[in-house]
file entry32.cif (mmCIF, C-alpha atoms)
data_target
#
loop_
_atom_site.group_PDB
_atom_site.id
_atom_site.type_symbol
_atom_site.label_atom_id
_atom_site.label_comp_id
_atom_site.auth_asym_id
_atom_site.auth_seq_id
_atom_site.Cartn_x
_atom_site.Cartn_y
_atom_site.Cartn_z
ATOM 1 C CA MET J 1 -36.433 20.257 29.589
ATOM 2 C CA LYS J 2 -37.042 18.084 26.533
ATOM 3 C CA ASN J 3 -37.185 21.190 24.316
ATOM 4 C CA ILE J 4 -33.857 22.445 25.679
ATOM 5 C CA LEU J 5 -32.187 19.088 24.988
ATOM 6 C CA LEU J 6 -33.677 18.959 21.503
ATOM 7 C CA ALA J 7 -32.600 22.540 20.758
ATOM 8 C CA SER J 8 -29.094 21.781 22.072
ATOM 9 C CA LEU J 9 -28.855 18.649 19.937
ATOM 10 C CA VAL J 10 -29.971 20.544 16.816
ATOM 11 C CA GLY J 11 -27.460 23.291 17.626
ATOM 12 C CA VAL J 12 -24.572 20.830 18.059
ATOM 13 C CA ILE J 13 -25.466 19.040 14.806
ATOM 14 C CA GLY J 14 -25.689 22.399 13.007
ATOM 15 C CA ILE J 15 -22.285 23.490 14.316
ATOM 16 C CA GLY J 16 -20.855 20.105 13.270
ATOM 17 C CA PHE J 17 -22.122 20.555 9.713
ATOM 18 C CA ILE J 18 -20.726 24.113 9.558
ATOM 19 C CA LEU J 19 -17.298 22.997 10.816
ATOM 20 C CA LYS J 20 -17.236 20.049 8.415
ATOM 21 C CA SER J 21 -18.163 22.338 5.508
ATOM 22 C CA LYS J 22 -15.516 24.884 6.510
ATOM 23 C CA ALA J 23 -12.840 22.159 6.812
ATOM 24 C CA LYS J 24 -13.815 20.800 3.377
ATOM 25 C CA ASN J 25 -13.521 24.314 1.898
ATOM 26 C CA ILE J 26 -10.045 24.745 3.404
ATOM 27 C CA ILE J 27 -8.913 21.365 2.029
ATOM 28 C CA ASP J 28 -10.380 22.222 -1.389
ATOM 29 C CA ASP J 29 -8.544 25.591 -1.358
ATOM 30 C CA TYR J 30 -5.266 23.872 -0.489
ATOM 31 C CA ASN J 31 -5.768 21.237 -3.200
ATOM 32 C CA ALA J 32 -6.520 23.925 -5.795
ATOM 33 C CA ALA J 33 -3.475 25.957 -4.738
ATOM 34 C CA MET J 34 -1.212 22.885 -4.803
ATOM 35 C CA ARG J 35 -2.353 22.127 -8.353
ATOM 36 C CA ARG J 36 -1.338 25.619 -9.488
ATOM 37 C CA LEU J 37 2.198 25.462 -8.042
ATOM 38 C CA THR J 38 4.956 25.405 -10.645
ATOM 39 C CA PHE J 39 8.321 23.791 -10.016
ATOM 40 C CA ARG J 40 11.581 24.296 -11.853
ATOM 41 C CA ILE J 41 15.221 23.732 -11.090
ATOM 42 C CA ASP J 42 16.973 26.867 -9.885
ATOM 43 C CA ASP J 43 20.456 25.492 -9.215
ATOM 44 C CA ILE J 44 22.392 22.231 -9.403
ATOM 45 C CA ALA J 45 25.502 21.456 -7.378
ATOM 46 C CA ASN J 46 27.736 18.494 -6.518
ATOM 47 C CA VAL J 47 27.010 16.623 -9.763
ATOM 48 C CA LYS J 48 28.566 13.166 -9.838
ATOM 49 C CA TYR J 49 28.039 10.252 -12.180
ATOM 50 C CA GLY J 50 28.926 6.712 -11.265
ATOM 51 C CA ALA J 51 27.537 3.192 -11.051
ATOM 52 C CA GLY J 52 24.821 4.043 -13.583
ATOM 53 C CA ALA J 53 23.369 6.899 -11.545
ATOM 54 C CA LEU J 54 23.571 10.665 -11.521
ATOM 55 C CA LYS J 55 23.874 12.181 -8.056
ATOM 56 C CA ALA J 56 23.451 15.880 -7.420
ATOM 57 C CA SER J 57 21.944 18.466 -5.135
ATOM 58 C CA ILE J 58 19.229 20.698 -6.571
ATOM 59 C CA LYS J 59 17.422 23.819 -5.475
ATOM 60 C CA LEU J 60 13.851 24.108 -6.695
ATOM 61 C CA GLU J 61 12.115 27.353 -7.512
ATOM 62 C CA VAL J 62 8.472 26.964 -6.508
ATOM 63 C CA ASN J 63 5.928 29.528 -7.675
ATOM 64 C CA ASN J 64 2.604 29.883 -5.864
ATOM 65 C CA PRO J 65 0.441 32.179 -8.048
ATOM 66 C CA THR J 66 -2.604 31.802 -5.774
ATOM 67 C CA THR J 67 -3.923 33.808 -2.821
ATOM 68 C CA THR J 68 -3.635 30.747 -0.565
ATOM 69 C CA ASN J 69 -0.646 30.536 1.783
ATOM 70 C CA LEU J 70 0.822 27.043 1.677
ATOM 71 C CA VAL J 71 2.958 27.292 4.778
ATOM 72 C CA ALA J 72 2.902 24.360 7.157
ATOM 73 C CA GLU J 73 4.839 21.787 9.097
ATOM 74 C CA THR J 74 2.564 18.977 8.013
ATOM 75 C CA GLY J 75 3.778 16.146 10.203
ATOM 76 C CA GLY J 76 3.588 13.838 7.201
ATOM 77 C CA LEU J 77 -0.008 14.657 6.221
ATOM 78 C CA VAL J 78 1.305 16.392 3.085
ATOM 79 C CA THR J 79 4.511 15.129 1.479
ATOM 80 C CA LEU J 80 6.412 16.179 -1.621
ATOM 81 C CA SER J 81 7.221 12.557 -2.322
ATOM 82 C CA LYS J 82 8.596 12.444 -5.854
ATOM 83 C CA LEU J 83 10.054 14.641 -8.585
ATOM 84 C CA ASP J 84 10.066 13.400 -12.179
ATOM 85 C CA PHE J 85 12.429 15.156 -14.584
ATOM 86 C CA TYR J 86 11.870 15.541 -18.342
ATOM 87 C CA THR J 87 13.554 17.256 -21.264
ATOM 88 C CA ASN J 88 11.565 19.995 -23.057
ATOM 89 C CA SER J 89 10.735 17.440 -25.751
ATOM 90 C CA GLY J 90 9.108 15.221 -23.102
ATOM 91 C CA ASP J 91 11.834 12.569 -22.773
ATOM 92 C CA PHE J 92 11.933 11.127 -19.269
ATOM 93 C CA ILE J 93 15.244 11.730 -17.490
ATOM 94 C CA GLY J 94 14.736 10.303 -14.035
ATOM 95 C CA THR J 95 13.085 10.487 -10.630
ATOM 96 C CA ALA J 96 14.096 11.840 -7.245
ATOM 97 C CA ARG J 97 12.342 11.115 -3.937
ATOM 98 C CA PRO J 98 12.890 14.049 -1.561
ATOM 99 C CA ASN J 99 10.060 13.232 0.932
ATOM 100 C CA ILE J 100 9.661 16.834 2.137
ATOM 101 C CA THR J 101 6.897 17.410 4.712
ATOM 102 C CA ALA J 102 7.567 21.058 5.663
ATOM 103 C CA PHE J 103 6.262 23.605 3.158
ATOM 104 C CA ASP J 104 6.795 27.344 2.934
ATOM 105 C CA PHE J 105 5.116 28.538 -0.265
ATOM 106 C CA PRO J 106 3.501 31.895 0.578
ATOM 107 C CA ALA J 107 0.688 33.285 -1.572
ATOM 108 C CA ASN J 108 1.606 35.156 -4.762
ATOM 109 C CA SER J 109 5.320 34.461 -4.437
ATOM 110 C CA THR J 110 8.225 32.389 -5.624
ATOM 111 C CA THR J 111 10.309 30.469 -3.100
ATOM 112 C CA THR J 112 13.649 28.733 -3.562
ATOM 113 C CA THR J 113 14.139 25.545 -1.550
ATOM 114 C CA GLN J 114 17.292 24.473 0.218
ATOM 115 C CA PHE J 115 19.454 21.993 -1.694
ATOM 116 C CA ILE J 116 17.704 18.632 -2.068
ATOM 117 C CA PRO J 117 19.861 15.545 -2.702
ATOM 118 C CA VAL J 118 18.769 13.588 -5.762
ATOM 119 C CA GLU J 119 19.929 10.323 -7.238
ATOM 120 C CA MET J 120 18.643 9.207 -10.611
ATOM 121 C CA PRO J 121 19.453 5.916 -12.321
ATOM 122 C CA MET J 122 20.593 6.817 -15.795
ATOM 123 C CA GLY J 123 21.636 4.938 -18.882
ATOM 124 C CA ILE J 124 24.477 6.051 -21.127
ATOM 125 C CA SER J 125 22.002 7.091 -23.846
ATOM 126 C CA LEU J 126 20.626 9.900 -21.660
ATOM 127 C CA PHE J 127 23.953 10.936 -20.168
ATOM 128 C CA SER J 128 24.947 13.430 -22.904
ATOM 129 C CA THR J 129 21.428 14.907 -23.002
ATOM 130 C CA VAL J 130 21.442 15.424 -19.253
ATOM 131 C CA MET J 131 24.943 16.909 -19.270
ATOM 132 C CA ASN J 132 23.766 19.477 -21.845
ATOM 133 C CA LEU J 133 20.672 20.258 -19.755
ATOM 134 C CA LEU J 134 22.829 20.747 -16.650
ATOM 135 C CA LYS J 135 24.380 23.767 -18.378
ATOM 136 C CA ASP J 136 20.912 25.383 -18.312
ATOM 137 C CA PRO J 137 18.883 23.553 -15.639
ATOM 138 C CA LYS J 138 15.847 25.820 -16.078
ATOM 139 C CA LYS J 139 15.138 23.850 -19.274
ATOM 140 C CA ILE J 140 14.518 20.689 -17.265
ATOM 141 C CA ILE J 141 10.806 20.125 -16.704
ATOM 142 C CA VAL J 142 9.935 19.086 -13.144
ATOM 143 C CA LYS J 143 6.699 17.208 -12.402
ATOM 144 C CA PRO J 144 6.147 16.788 -8.676
ATOM 145 C CA THR J 145 4.065 14.164 -6.919
ATOM 146 C CA ILE J 146 2.510 15.325 -3.669
ATOM 147 C CA VAL J 147 0.722 12.996 -1.263
ATOM 148 C CA ILE J 148 -2.092 14.722 0.648
ATOM 149 C CA LEU J 149 -3.834 12.663 3.339
ATOM 150 C CA ASP J 150 -2.761 9.424 1.611
ATOM 151 C CA LYS J 151 -4.050 10.582 -1.797
ATOM 152 C CA THR J 152 -1.411 10.933 -4.528
ATOM 153 C CA HIS J 153 -1.503 13.964 -6.824
ATOM 154 C CA THR J 154 0.912 14.348 -9.766
ATOM 155 C CA PHE J 155 1.164 17.808 -11.277
#
call {"tool": "encode", "arguments": {"input": "entry32.cif", "output": "structure tokens"}}
result
Amino acid sequence: MKNILLASLVGVIGIGFILKSKAKNIIDDYNAAMRRLTFRIDDIANVKYGAGALKASIKLEVNNPTTTNLVAETGGLVTLSKLDFYTNSGDFIGTARPNITAFDFPANSTTTTQFIPVEMPMGISLFSTVMNLLKDPKKIIVKPTIVILDKTHTF
């Protein structure tokens, strides 16, 4: 009887280690895939400027060049929390906070999001630069911040 209990205990511990290792591999795969995503603005609509802020709706084009499907309703465990926008010369334009928790970025594909409302505080000095970039929004560099299990990752 003692041998059966001991063998069962060893078996349960072994299965626990295997499951933990497999879960860690899945999380590592997702982290690696998230780091390889590229984001760029596909379309801008409803652009308004007032009270020192630019308001608009943007569609993002998200490219997933990996073999990992990033498709999930995450329930808040993974959140696209922030988008920082830059000119091609690296000048900071502004930040948007979309707080998206549902992802649909299939492997080896490019996906266009629905329109995301953005509001960016903006000084007059950047206004003309941004207005020129709005004519060709693909020139705006997008750096997303994604929170995964309470750990922040900026890409």
call {"tool": "resolve_selection", "arguments": {"input": "entry32.cif", "expression": "the PyMOL selection byres ((chain J and resi 83-93) around 6)", "output": "list in words"}}
result
Lys82, Gly94, Thr95, Ala96, Ile140, Ile141, Val142, Lys143 and Pro144 of chain J
call {"tool": "resolve_selection", "arguments": {"input": "entry32.cif", "expression": "the PyMOL selection byres ((chain J and resi 67) around 8)", "output": "list in words"}}
result
Pro65, Thr66, Thr68, Asn69, Ala107 and Asn108 of chain J
call {"tool": "write_last_selection", "arguments": {"input": "entry32.cif", "atoms": "C-alpha atoms", "output": "PDB file, in the coordinates of the input"}}
result
ATOM      1  CA  PRO J  65       0.441  32.179  -8.048  1.00  0.00           C
ATOM      2  CA  THR J  66      -2.604  31.802  -5.774  1.00  0.00           C
ATOM      3  CA  THR J  68      -3.635  30.747  -0.565  1.00  0.00           C
ATOM      4  CA  ASN J  69      -0.646  30.536   1.783  1.00  0.00           C
ATOM      5  CA  ALA J 107       0.688  33.285  -1.572  1.00  0.00           C
ATOM      6  CA  ASN J 108       1.606  35.156  -4.762  1.00  0.00           C
TER       7      ASN J 108
END
call {"tool": "resolve_selection", "arguments": {"input": "entry32.cif", "expression": "the PyMOL selection byres ((chain J and resi 111) around 6)", "output": "list in words"}}
result
Glu61, Val62, Thr110 and Thr112 of chain J
call {"tool": "atom_distance", "arguments": {"input": "entry32.cif", "atom1": "CA of Phe155 in chain J", "atom2": "CA of Tyr30 in chain J"}}
result
13.9 Å
call {"tool": "atom_distance", "arguments": {"input": "entry32.cif", "atom1": "CA of Ala53 in chain J", "atom2": "CA of Gln114 in chain J"}}
result
22.0 Å
call {"tool": "atom_distance", "arguments": {"input": "entry32.cif", "atom1": "CA of Leu149 in chain J", "atom2": "CA of Ala56 in chain J"}}
result
29.5 Å
call {"tool": "closest_residue", "arguments": {"input": "entry32.cif", "among": "J:Leu70, J:Ile116, J:Ala102, J:Leu134", "to": "Ala32 in chain J", "atoms": "only C-alpha atoms"}}
result
J:Leu70
call {"tool": "closest_residue", "arguments": {"input": "entry32.cif", "among": "J:Pro121, J:Lys55, J:Ser109, J:Ser81", "to": "Lys151 in chain J", "atoms": "only C-alpha atoms"}}
result
J:Ser81
